[in-house]
$ cat start-v8.txt   # compact mmCIF, C-alpha atoms
# COMPACT_ATOMS: atom_id res chain seq x y z
CA MET A 1 -39.26 -35.47 -8.62
CA GLY A 2 -42.86 -34.57 -7.76
CA LEU A 3 -42.15 -34.85 -4.03
CA ILE A 4 -39.25 -32.40 -4.23
CA THR A 5 -41.31 -29.92 -6.25
CA THR A 6 -44.19 -30.11 -3.79
CA PHE A 7 -41.83 -29.74 -0.82
CA SER A 8 -40.06 -26.71 -2.30
CA THR A 9 -43.39 -25.10 -3.23
CA TRP A 10 -44.71 -25.34 0.33
CA LEU A 11 -41.46 -24.71 2.24
CA VAL A 12 -41.52 -20.91 2.31
CA PRO A 13 -45.25 -20.51 3.08
CA CYS A 14 -44.92 -23.07 5.90
CA LEU A 15 -41.88 -21.29 7.36
CA ILE A 16 -43.75 -17.98 7.30
CA ALA A 17 -46.74 -19.60 8.99
CA ILE A 18 -44.49 -21.13 11.66
CA VAL A 19 -42.84 -17.77 12.37
CA LEU A 20 -46.23 -16.03 12.62
CA LEU A 21 -47.62 -18.78 14.83
CA TYR A 22 -44.56 -18.63 17.11
CA GLY A 23 -44.87 -14.84 17.33
CA THR A 24 -48.55 -15.15 18.20
CA LEU A 25 -47.88 -17.75 20.89
CA LYS A 26 -45.15 -15.55 22.43
CA LYS A 27 -47.49 -12.52 22.19
CA ILE A 28 -45.08 -10.66 19.90
CA PRO A 29 -46.76 -8.11 17.61
CA SER A 30 -45.67 -9.86 14.40
CA TYR A 31 -46.89 -7.21 11.97
CA ASP A 32 -45.23 -4.39 13.90
CA ALA A 33 -41.98 -6.37 14.05
CA PHE A 34 -42.22 -6.97 10.29
CA VAL A 35 -42.74 -3.25 9.57
CA GLU A 36 -39.85 -2.31 11.88
CA GLY A 37 -37.59 -4.80 10.10
CA GLY A 38 -38.62 -3.31 6.76
CA LYS A 39 -37.69 0.17 8.00
CA GLU A 40 -34.28 -1.08 9.15
CA GLY A 41 -33.73 -2.81 5.81
CA PHE A 42 -34.58 0.36 3.91
CA SER A 43 -32.20 2.41 6.08
CA LEU A 44 -29.44 -0.13 5.45
CA ALA A 45 -30.06 0.02 1.70
CA ILE A 46 -29.72 3.83 1.74
CA SER A 47 -26.50 3.70 3.79
CA VAL A 48 -25.01 1.11 1.43
CA MET A 49 -25.66 3.14 -1.73
CA PRO A 50 -22.43 5.24 -1.78
CA PHE A 51 -20.29 2.12 -1.39
CA LEU A 52 -22.20 0.38 -4.18
CA VAL A 53 -21.82 3.32 -6.56
CA GLY A 54 -18.08 3.49 -5.88
CA MET A 55 -17.73 -0.22 -6.55
CA LEU A 56 -19.65 -0.08 -9.83
CA VAL A 57 -17.56 2.87 -11.05
CA ALA A 58 -14.32 0.99 -10.26
CA ILE A 59 -15.53 -2.06 -12.18
CA SER A 60 -16.50 0.03 -15.20
CA VAL A 61 -13.09 1.72 -15.24
CA PHE A 62 -11.33 -1.68 -15.05
CA ARG A 63 -13.27 -3.03 -18.01
CA ALA A 64 -13.25 0.13 -20.13
CA SER A 65 -9.51 0.73 -19.67
CA GLY A 66 -8.65 -2.54 -21.39
CA ALA A 67 -6.99 -3.91 -18.24
CA MET A 68 -9.27 -6.97 -18.34
CA ASP A 69 -8.27 -7.79 -21.92
CA ALA A 70 -4.56 -7.26 -21.20
CA LEU A 71 -4.69 -9.57 -18.19
CA LEU A 72 -6.54 -12.22 -20.20
CA HIS A 73 -3.90 -12.13 -22.93
CA LEU A 74 -1.07 -12.39 -20.39
CA ILE A 75 -2.46 -15.38 -18.46
CA ALA A 76 -4.02 -17.38 -21.36
CA PRO A 77 -1.08 -19.81 -21.87
CA LEU A 78 -0.98 -20.73 -18.19
CA LEU A 79 -4.73 -21.30 -18.10
CA SER A 80 -4.65 -23.59 -21.12
CA ALA A 81 -1.90 -25.63 -19.46
CA VAL A 82 -4.09 -26.32 -16.40
CA GLY A 83 -7.24 -27.11 -18.39
CA MET A 84 -9.09 -23.85 -17.90
CA PRO A 85 -10.37 -22.25 -21.10
CA PRO A 86 -9.12 -18.65 -21.29
CA GLN A 87 -12.63 -17.55 -22.23
CA VAL A 88 -13.81 -18.03 -18.63
CA LEU A 89 -11.03 -15.97 -17.03
CA PRO A 90 -13.01 -12.72 -17.24
CA LEU A 91 -15.82 -14.46 -15.35
CA ALA A 92 -13.39 -15.73 -12.69
CA LEU A 93 -11.98 -12.21 -12.29
CA MET A 94 -15.32 -10.40 -12.42
CA ARG A 95 -17.18 -12.67 -9.98
CA PRO A 96 -15.41 -11.35 -6.84
CA LEU A 97 -16.11 -7.80 -8.03
CA SER A 98 -19.67 -7.82 -9.28
CA GLY A 99 -22.42 -10.42 -9.34
CA THR A 100 -24.30 -8.58 -12.07
CA GLY A 101 -21.18 -8.15 -14.19
CA ALA A 102 -20.32 -11.82 -13.74
CA LEU A 103 -23.86 -12.83 -14.64
CA GLY A 104 -23.58 -10.77 -17.83
CA LEU A 105 -20.29 -12.45 -18.71
CA MET A 106 -21.74 -15.89 -17.99
CA THR A 107 -24.76 -15.12 -20.16
CA ASP A 108 -22.46 -14.08 -23.01
CA LEU A 109 -20.42 -17.28 -22.65
CA ILE A 110 -23.52 -19.44 -22.71
CA HIS A 111 -24.94 -17.53 -25.66
CA THR A 112 -21.65 -17.86 -27.57
CA TYR A 113 -20.66 -21.44 -26.71
CA GLY A 114 -23.95 -23.03 -25.62
CA ALA A 115 -25.26 -24.14 -22.24
CA ASP A 116 -24.15 -27.74 -22.77
CA SER A 117 -20.63 -26.86 -23.88
CA PHE A 118 -17.66 -27.30 -21.57
CA ILE A 119 -17.31 -23.52 -21.32
CA GLY A 120 -21.04 -23.05 -20.61
CA ARG A 121 -21.03 -25.69 -17.90
CA LEU A 122 -17.82 -24.38 -16.38
CA ALA A 123 -19.18 -20.83 -16.34
CA SER A 124 -22.37 -22.02 -14.63
CA VAL A 125 -20.54 -24.02 -11.96
CA MET A 126 -18.05 -21.19 -11.42
CA GLN A 127 -20.89 -18.70 -10.97
CA GLY A 128 -22.40 -20.92 -8.30
CA SER A 129 -19.20 -21.77 -6.45
CA THR A 130 -17.72 -18.30 -6.00
CA ASP A 131 -18.97 -15.12 -4.37
CA THR A 132 -18.91 -11.35 -4.84
CA THR A 133 -16.16 -10.90 -2.27
CA PHE A 134 -15.29 -7.25 -2.93
CA TYR A 135 -18.97 -6.35 -2.98
CA VAL A 136 -19.59 -8.06 0.35
CA VAL A 137 -16.52 -6.53 1.96
CA THR A 138 -17.00 -2.97 0.70
CA VAL A 139 -20.75 -2.72 0.97
CA TYR A 140 -21.57 -4.65 4.12
CA PHE A 141 -18.41 -3.93 6.07
CA GLY A 142 -18.63 -0.26 5.06
CA ALA A 143 -22.28 -0.05 6.06
CA VAL A 144 -21.56 -1.24 9.60
CA GLY A 145 -18.36 0.78 9.97
CA ILE A 146 -15.73 -1.96 9.84
CA HIS A 147 -12.55 -0.49 8.35
CA ARG A 148 -9.97 -3.24 8.93
CA ILE A 149 -10.94 -5.71 6.23
CA GLY A 150 -7.58 -7.23 5.32
CA ASP A 151 -8.02 -10.73 6.73
CA ALA A 152 -11.64 -11.03 5.63
CA LEU A 153 -10.69 -9.97 2.11
CA LYS A 154 -7.80 -12.46 1.95
CA VAL A 155 -9.97 -15.35 3.12
CA GLY A 156 -12.78 -14.37 0.76
CA LEU A 157 -10.46 -14.21 -2.23
CA LEU A 158 -8.87 -17.52 -1.24
CA ALA A 159 -12.35 -19.07 -1.11
CA ASP A 160 -13.06 -17.67 -4.58
CA LEU A 161 -9.81 -19.17 -5.90
CA VAL A 162 -10.70 -22.54 -4.39
CA GLY A 163 -14.16 -22.25 -5.96
CA VAL A 164 -12.67 -21.62 -9.40
CA ILE A 165 -10.17 -24.47 -9.07
CA CYS A 166 -12.86 -26.88 -7.88
CA ALA A 167 -15.22 -25.76 -10.65
CA VAL A 168 -12.57 -26.52 -13.30
CA TRP A 169 -11.73 -29.85 -11.68
CA ILE A 170 -15.33 -31.00 -11.21
CA VAL A 171 -16.55 -29.92 -14.65
CA THR A 172 -13.51 -31.57 -16.24
CA LEU A 173 -14.14 -34.73 -14.24
CA MET A 174 -17.87 -34.84 -14.97
CA PHE A 175 -18.08 -33.61 -18.56
CA SER A 176 -14.78 -34.37 -20.31
$ encode --input "start-v8.txt" --output "structure tokens"
Amino acid sequence: MGLITTFSTWLVPCLIAIVLLYGTLKKIPSYDAFVEGGKEGFSLAISVMPFLVGMLVAISVFRASGAMDALLHLIAPLLSAVGMPPQVLPLALMRPLSGTGALGLMTDLIHTYGADSFIGRLASVMQGSTDTTFYVVTVYFGAVGIHRIGDALKVGLLADLVGVICAVWIVTLMFS
């Protein structure tokens, strides 16, 4: 375990040193390139802001309207039949929409049921095996001007579904 800790501690500083050394050898002004990249990153963050605000408003409306609770009540019997606790459905639904919202839901699940409970472990694995698909599609595609997102959205949501199914299967296999 000590070797892995030492390796991970030194990995990032070594990579930075390698990049700076390479830039120096190629006579690239590394600092100027870094500052230029920072400017581009800041410009991207500003251009992404309207898409992010729209996404957060839509998520808040979905939760505040009671639609999340109604959907949970409707699907709970099916989930129980396939071994998925209904308590984690909001996390599975929120994760493609908002990483922060999903993290909040996961934190609540762990606080309520415990980190070593089946629900806590499932929530943790689900958080790590799915992505914020709608966020990625709306924010990043919108920032670069891509308007035809249908196929990317379908594949992203399919990947999220596979992540949820695999999380349930693996946690059940490992911890039940």
$ closest_atom_pairs --input "start-v8.txt" --of "stretch 17-70 of chain A" --to "stretch 139-151 of chain A" --cutoff "8 Å" --atoms "all atoms listed in the file" --output "tab-separated table"
residue	atom	partner	partner_atom	distance
A:Leu44	CA	A:Ala143	CA	7.2
A:Ser47	CA	A:Ala143	CA	6.1
A:Val48	CA	A:Ala143	CA	5.5
A:Phe51	CA	A:Val139	CA	5.4
A:Leu52	CA	A:Val139	CA	6.2
$ residues_around --input "start-v8.txt" --residues "A:Thr107" --least-positions-apart "4" --cutoff "12 Å" --atoms "all atoms listed in the file" --output "count of residues only"
17
$ residues_around --input "start-v8.txt" --residues "A:Leu74" --least-positions-apart "6" --cutoff "12 Å" --atoms "all atoms listed in the file" --output "list in words"
Ala67, Met68, Ser80, Pro86 and Leu89 of chain A
$ atom_distance --input "start-v8.txt" --atom1 "atom CA of A:Leu97" --atom2 "atom CA of A:Tyr135"
6.0 Å
$ atom_distance --input "start-v8.txt" --atom1 "atom CA of A:Leu15" --atom2 "atom CA of A:Thr133"
29.4 Å
$ residues_near_point --input "start-v8.txt" --point "(-12.4, -30.1, -13.5)" --cutoff "12 Å" --atoms "only C-alpha atoms" --output "list in words"
Val82, Gly83, Met84, Pro85, Phe118, Ile119, Arg121, Leu122, Ala123, Val125, Met126, Val162, Gly163, Val164, Ile165, Cys166, Ala167, Val168, Trp169, Ile170, Val171, Thr172, Leu173, Met174, Phe175 and Ser176 of chain A
$ write_last_selection --input "start-v8.txt" --atoms "C-alpha atoms" --output "PDB file, in the coordinates of the input"
ATOM      1  CA  VAL A  82      -4.090 -26.320 -16.400  1.00  0.00           C
ATOM      2  CA  GLY A  83      -7.240 -27.110 -18.390  1.00  0.00           C
ATOM      3  CA  MET A  84      -9.090 -23.850 -17.900  1.00  0.00           C
ATOM      4  CA  PRO A  85     -10.370 -22.250 -21.100  1.00  0.00           C
ATOM      5  CA  PHE A 118     -17.660 -27.300 -21.570  1.00  0.00           C
ATOM      6  CA  ILE A 119     -17.310 -23.520 -21.320  1.00  0.00           C
ATOM      7  CA  ARG A 121     -21.030 -25.690 -17.900  1.00  0.00           C
ATOM      8  CA  LEU A 122     -17.820 -24.380 -16.380  1.00  0.00           C
ATOM      9  CA  ALA A 123     -19.180 -20.830 -16.340  1.00  0.00           C
ATOM     10  CA  VAL A 125     -20.540 -24.020 -11.960  1.00  0.00           C
ATOM     11  CA  MET A 126     -18.050 -21.190 -11.420  1.00  0.00           C
ATOM     12  CA  VAL A 162     -10.700 -22.540  -4.390  1.00  0.00           C
ATOM     13  CA  GLY A 163     -14.160 -22.250  -5.960  1.00  0.00           C
ATOM     14  CA  VAL A 164     -12.670 -21.620  -9.400  1.00  0.00           C
ATOM     15  CA  ILE A 165     -10.170 -24.470  -9.070  1.00  0.00           C
ATOM     16  CA  CYS A 166     -12.860 -26.880  -7.880  1.00  0.00           C
ATOM     17  CA  ALA A 167     -15.220 -25.760 -10.650  1.00  0.00           C
ATOM     18  CA  VAL A 168     -12.570 -26.520 -13.300  1.00  0.00           C
ATOM     19  CA  TRP A 169     -11.730 -29.850 -11.680  1.00  0.00           C
ATOM     20  CA  ILE A 170     -15.330 -31.000 -11.210  1.00  0.00           C
ATOM     21  CA  VAL A 171     -16.550 -29.920 -14.650  1.00  0.00           C
ATOM     22  CA  THR A 172     -13.510 -31.570 -16.240  1.00  0.00           C
ATOM     23  CA  LEU A 173     -14.140 -34.730 -14.240  1.00  0.00           C
ATOM     24  CA  MET A 174     -17.870 -34.840 -14.970  1.00  0.00           C
ATOM     25  CA  PHE A 175     -18.080 -33.610 -18.560  1.00  0.00           C
ATOM     26  CA  SER A 176     -14.780 -34.370 -20.310  1.00  0.00           C
TER      27      SER A 176
END
$ atom_distance --input "start-v8.txt" --atom1 "atom CA of A:Leu157" --atom2 "atom CA of A:Gly128"
15.0 Å
